[in-house]
$ cat final.csv   # CSV, C-alpha atoms
chain,number,residue,atom,x,y,z
X,25,MET,CA,-13.4,14.7,-18.5
X,26,PRO,CA,-11.6,15.0,-15.2
X,27,SER,CA,-14.7,16.4,-13.5
X,28,LEU,CA,-16.7,13.3,-14.2
X,29,ALA,CA,-13.8,11.3,-13.0
X,30,VAL,CA,-14.7,12.6,-9.5
X,31,VAL,CA,-18.1,10.8,-9.8
X,32,THR,CA,-16.8,7.6,-11.2
X,33,ALA,CA,-13.6,7.5,-9.1
X,34,ILE,CA,-15.4,7.8,-5.9
X,35,ALA,CA,-18.2,5.3,-6.6
X,36,ALA,CA,-18.1,2.1,-4.6
X,37,LEU,CA,-14.7,2.8,-3.0
X,38,ALA,CA,-13.3,0.1,-0.8
X,39,GLY,CA,-11.0,0.0,2.2
X,40,CYS,CA,-7.9,-1.9,1.9
X,41,GLY,CA,-5.3,-2.9,4.4
X,42,GLY,CA,-3.2,-5.7,5.6
X,43,SER,CA,-1.3,-6.8,8.6
X,44,ASP,CA,2.4,-6.9,9.3
X,45,GLU,CA,3.7,-10.2,10.6
X,46,LYS,CA,6.6,-8.5,12.4
X,47,PRO,CA,6.5,-8.1,16.2
X,48,ALA,CA,5.4,-4.7,17.4
X,49,THR,CA,8.9,-4.0,18.7
X,50,ALA,CA,10.3,-4.3,15.1
X,51,GLN,CA,7.8,-1.8,13.6
X,52,LYS,CA,8.6,1.8,13.0
X,53,PRO,CA,6.3,4.2,14.8
X,54,SER,CA,3.8,5.9,12.6
X,55,ALA,CA,4.2,9.6,11.8
X,56,SER,CA,1.8,11.8,13.6
X,57,VAL,CA,-1.1,13.2,11.6
X,58,SER,CA,-1.4,17.0,11.3
X,59,GLY,CA,-4.6,18.9,12.0
X,60,ASN,CA,-4.9,19.7,8.2
X,61,GLN,CA,-4.4,16.0,7.4
X,62,ARG,CA,-7.1,15.1,9.9
X,63,SER,CA,-9.4,17.7,8.3
X,64,ILE,CA,-8.8,16.2,4.9
X,65,LEU,CA,-9.6,12.8,6.3
X,66,ALA,CA,-12.8,14.2,7.7
X,67,THR,CA,-13.8,15.5,4.3
X,68,VAL,CA,-13.2,12.0,2.8
X,69,ASP,CA,-15.2,10.5,5.6
X,70,ALA,CA,-18.1,12.9,4.9
X,71,LEU,CA,-17.9,12.0,1.3
X,72,GLN,CA,-18.2,8.3,2.2
X,73,THR,CA,-21.2,9.0,4.5
X,74,ALA,CA,-23.0,11.1,1.9
X,75,SER,CA,-22.4,8.4,-0.7
X,76,ARG,CA,-24.0,5.8,1.6
X,77,LYS,CA,-27.0,8.1,2.2
X,78,GLY,CA,-27.4,9.1,-1.4
X,79,ASP,CA,-27.0,12.8,-0.5
X,80,GLY,CA,-25.8,14.4,-3.8
X,81,ARG,CA,-26.7,17.8,-2.6
X,82,LYS,CA,-24.3,17.5,0.4
X,83,VAL,CA,-21.5,16.3,-1.9
X,84,CYS,CA,-21.9,19.1,-4.4
X,85,ALA,CA,-22.7,21.9,-2.0
X,86,ASP,CA,-20.4,21.1,1.0
X,87,LEU,CA,-17.7,18.7,-0.2
X,88,PHE,CA,-16.8,19.8,-3.8
X,89,THR,CA,-15.5,23.2,-4.5
X,90,PRO,CA,-18.1,25.4,-6.4
X,91,GLN,CA,-15.8,25.2,-9.5
X,92,LEU,CA,-15.8,21.4,-9.4
X,93,ALA,CA,-19.6,21.2,-9.0
X,94,LYS,CA,-20.0,23.6,-12.0
X,95,SER,CA,-17.7,21.5,-14.0
X,96,VAL,CA,-19.6,18.3,-13.2
X,97,GLU,CA,-22.9,20.1,-14.2
X,98,ALA,CA,-21.4,21.3,-17.5
X,99,ALA,CA,-20.0,17.9,-18.4
X,100,ALA,CA,-23.1,16.0,-17.4
X,101,LYS,CA,-25.7,18.5,-18.7
X,102,ARG,CA,-27.7,18.1,-15.5
X,103,SER,CA,-27.3,19.3,-11.9
X,104,CYS,CA,-24.3,18.2,-10.0
X,105,ALA,CA,-26.5,16.6,-7.3
X,106,GLN,CA,-28.4,14.6,-9.9
X,107,GLU,CA,-25.2,13.4,-11.6
X,108,VAL,CA,-23.5,12.5,-8.4
X,109,ARG,CA,-26.6,10.7,-7.2
X,110,ARG,CA,-26.9,8.8,-10.5
X,111,SER,CA,-23.2,7.8,-10.8
X,112,MET,CA,-21.6,7.6,-7.4
X,113,PHE,CA,-23.8,6.4,-4.6
X,114,THR,CA,-23.8,3.0,-3.0
X,115,PRO,CA,-25.0,2.0,0.4
X,116,ASP,CA,-21.8,0.2,1.2
X,117,ALA,CA,-19.3,2.7,-0.2
X,118,GLU,CA,-15.9,2.7,1.6
X,119,ILE,CA,-13.0,4.9,0.8
X,120,SER,CA,-9.4,3.8,1.4
X,121,VAL,CA,-7.0,6.6,1.8
X,122,GLY,CA,-3.3,6.2,1.2
X,123,ARG,CA,-0.8,7.0,4.0
X,124,ASN,CA,0.6,10.1,2.3
X,125,ILE,CA,-1.7,13.1,2.6
X,126,ASP,CA,0.3,16.0,1.4
X,127,VAL,CA,-0.5,19.5,2.6
X,128,THR,CA,1.1,22.7,1.4
X,129,GLY,CA,-0.5,26.0,2.5
X,130,ASP,CA,-4.2,25.8,1.5
X,131,ARG,CA,-3.8,22.9,-0.9
X,132,GLY,CA,-3.6,19.2,-0.3
X,133,THR,CA,-3.7,15.8,-2.0
X,134,ALA,CA,-4.7,12.3,-1.0
X,135,VAL,CA,-4.7,9.1,-2.9
X,136,ILE,CA,-7.7,6.8,-2.7
X,137,GLN,CA,-8.4,3.3,-4.0
X,138,GLU,CA,-11.7,1.9,-5.2
X,139,GLN,CA,-13.1,-1.6,-4.7
X,140,ASN,CA,-12.3,-2.4,-8.4
X,141,GLY,CA,-8.7,-1.5,-7.9
X,142,ASN,CA,-8.9,2.0,-9.5
X,143,VAL,CA,-6.7,4.6,-7.9
X,144,SER,CA,-7.4,8.3,-7.9
X,145,LYS,CA,-5.6,11.3,-6.6
X,146,LEU,CA,-8.0,13.8,-4.9
X,147,SER,CA,-6.9,17.4,-4.8
X,148,PHE,CA,-8.2,19.6,-2.0
X,149,VAL,CA,-8.3,23.3,-1.4
X,150,LYS,CA,-9.0,24.9,2.0
X,151,GLN,CA,-12.0,27.3,1.8
X,152,SER,CA,-13.4,29.1,4.9
X,153,ASP,CA,-11.5,26.6,7.2
X,154,GLN,CA,-12.9,23.6,5.4
X,155,TRP,CA,-11.1,21.3,3.0
X,156,ARG,CA,-13.1,20.7,-0.2
X,157,ILE,CA,-12.4,18.4,-3.1
X,158,ASP,CA,-11.2,20.5,-6.1
X,159,ARG,CA,-10.2,17.8,-8.6
X,160,VAL,CA,-9.9,14.1,-9.0
X,161,THR,CA,-7.1,12.7,-11.2
X,162,PRO,CA,-7.2,8.9,-12.1
X,163,GLN,CA,-3.9,7.3,-11.5
X,164,LYS,CA,-2.4,4.4,-13.5
$ encode --input "final.csv" --output "structure tokens"
Amino acid sequence: MPSLAVVTAIAALAGCGGSDEKPATAQKPSASVSGNQRSILATVDALQTASRKGDGRKVCADLFTPQLAKSVEAAAKRSCAQEVRRSMFTPDAEISVGRNIDVTGDRGTAVIQEQNGNVSKLSFVKQSDQWRIDRVTPQK
């Protein structure tokens, strides 16, 4: 059930990072982030905020595509907001987003990692100038 993977893949996501011991002069400059990539990051940030607040309605109405929300409802046999609230929320949710956010036209992808080490690929679609989560695919 890929639609339920959205709920479980996003639950209790954690940031990850590290430091590079090389001096600053030896590091490669980071590639600049495009406007679309920033907008996708804003959607992921809004997802993290909604998760911390327990706002299932916001997730289903504003961050998921209508198709994904309907798919969650069909699979869970309850409203999307109820399922998301039941399965995903945590007051300390953090989402770590991989460096490669790919955007082609009105579609994009980003890889996220959970606290428990699970990795998922979020697929986005741009609708009315907003990037929405269209699908979550667990990665191995």
$ atom_distance --input "final.csv" --atom1 "CA of Leu146 (chain X)" --atom2 "CA of Asp158 (chain X)"
7.5 Å
$ closest_residue --input "final.csv" --among "X:Asp126, X:Glu107, X:Glu97, X:Asp86" --to "Gln61 (chain X)" --atoms "all atoms listed in the file"
X:Asp126
$ closest_residue --input "final.csv" --among "X:Ser111, X:Asn124, X:Gln154, X:Cys104" --to "Gln91 (chain X)" --atoms "only C-alpha atoms"
X:Cys104
$ atom_distance --input "final.csv" --atom1 "CA of Val121 (chain X)" --atom2 "CA of Ile136 (chain X)"
4.6 Å
$ closest_residue --input "final.csv" --among "X:Arg159, X:Arg81, X:Arg76, X:Lys150" --to "Gln106 (chain X)" --atoms "only C-alpha atoms"
X:Arg81
$ atom_distance --input "final.csv" --atom1 "CA of Gly122 (chain X)" --atom2 "CA of Leu71 (chain X)"
15.7 Å
$ residues_around --input "final.csv" --residues "region 131-134 of chain X" --least-positions-apart "3" --cutoff "6 Å" --atoms "only C-alpha atoms" --output "list in words"
Ile125, Asp126, Val127, Thr128, Lys145, Leu146, Ser147, Phe148 and Val149 of chain X
$ closest_residue --input "final.csv" --among "X:Lys82, X:Lys101, X:Arg110, X:Arg123" --to "Arg156 (chain X)" --atoms "all atoms listed in the file"
X:Lys82
$ residues_around --input "final.csv" --residues "Pro90 (chain X)" --least-positions-apart "5" --cutoff "10 Å" --atoms "all atoms listed in the file" --output "list in words"
Cys84, Ala85, Ser95, Val96, Arg156, Ile157 and Asp158 of chain X
$ build_atoms --input "final.csv" --residues "region 102-114 of chain X" --atoms "N, CA and C atoms" --output "mmCIF file, keeping the file's coordinate frame"
data_model
loop_
_atom_site.group_PDB
_atom_site.id
_atom_site.type_symbol
_atom_site.label_atom_id
_atom_site.label_comp_id
_atom_site.auth_asym_id
_atom_site.auth_seq_id
_atom_site.Cartn_x
_atom_site.Cartn_y
_atom_site.Cartn_z
ATOM 1 N N ARG X 102 -26.633 18.212 -16.485
ATOM 2 C CA ARG X 102 -27.700 18.100 -15.500
ATOM 3 C C ARG X 102 -27.066 18.629 -14.160
ATOM 4 N N SER X 103 -27.861 18.757 -13.131
ATOM 5 C CA SER X 103 -27.300 19.300 -11.900
ATOM 6 C C SER X 103 -26.240 18.385 -11.326
ATOM 7 N N CYS X 104 -25.343 18.973 -10.588
ATOM 8 C CA CYS X 104 -24.300 18.200 -10.000
ATOM 9 C C CYS X 104 -24.873 17.135 -9.049
ATOM 10 N N ALA X 105 -25.851 17.528 -8.234
ATOM 11 C CA ALA X 105 -26.500 16.600 -7.300
ATOM 12 C C ALA X 105 -27.086 15.401 -8.033
ATOM 13 N N GLN X 106 -27.756 15.659 -9.161
ATOM 14 C CA GLN X 106 -28.400 14.600 -9.900
ATOM 15 C C GLN X 106 -27.278 13.647 -10.506
ATOM 16 N N GLU X 107 -26.216 14.228 -11.038
ATOM 17 C CA GLU X 107 -25.200 13.400 -11.600
ATOM 18 C C GLU X 107 -24.433 12.592 -10.567
ATOM 19 N N VAL X 108 -24.146 13.211 -9.448
ATOM 20 C CA VAL X 108 -23.500 12.500 -8.400
ATOM 21 C C VAL X 108 -24.371 11.379 -7.852
ATOM 22 N N ARG X 109 -25.642 11.674 -7.652
ATOM 23 C CA ARG X 109 -26.600 10.700 -7.200
ATOM 24 C C ARG X 109 -26.694 9.502 -8.162
ATOM 25 N N ARG X 110 -26.723 9.812 -9.445
ATOM 26 C CA ARG X 110 -26.900 8.800 -10.500
ATOM 27 C C ARG X 110 -25.604 7.922 -10.593
ATOM 28 N N SER X 111 -24.450 8.512 -10.438
ATOM 29 C CA SER X 111 -23.200 7.800 -10.800
ATOM 30 C C SER X 111 -22.386 7.320 -9.604
ATOM 31 N N MET X 112 -22.611 7.860 -8.428
ATOM 32 C CA MET X 112 -21.600 7.600 -7.400
ATOM 33 C C MET X 112 -22.133 6.821 -6.198
ATOM 34 N N PHE X 113 -23.393 6.852 -5.903
ATOM 35 C CA PHE X 113 -23.800 6.400 -4.600
ATOM 36 C C PHE X 113 -23.988 4.855 -4.534
ATOM 37 N N THR X 114 -23.636 4.351 -3.373
ATOM 38 C CA THR X 114 -23.800 3.000 -3.000
ATOM 39 C C THR X 114 -23.928 2.871 -1.515
#
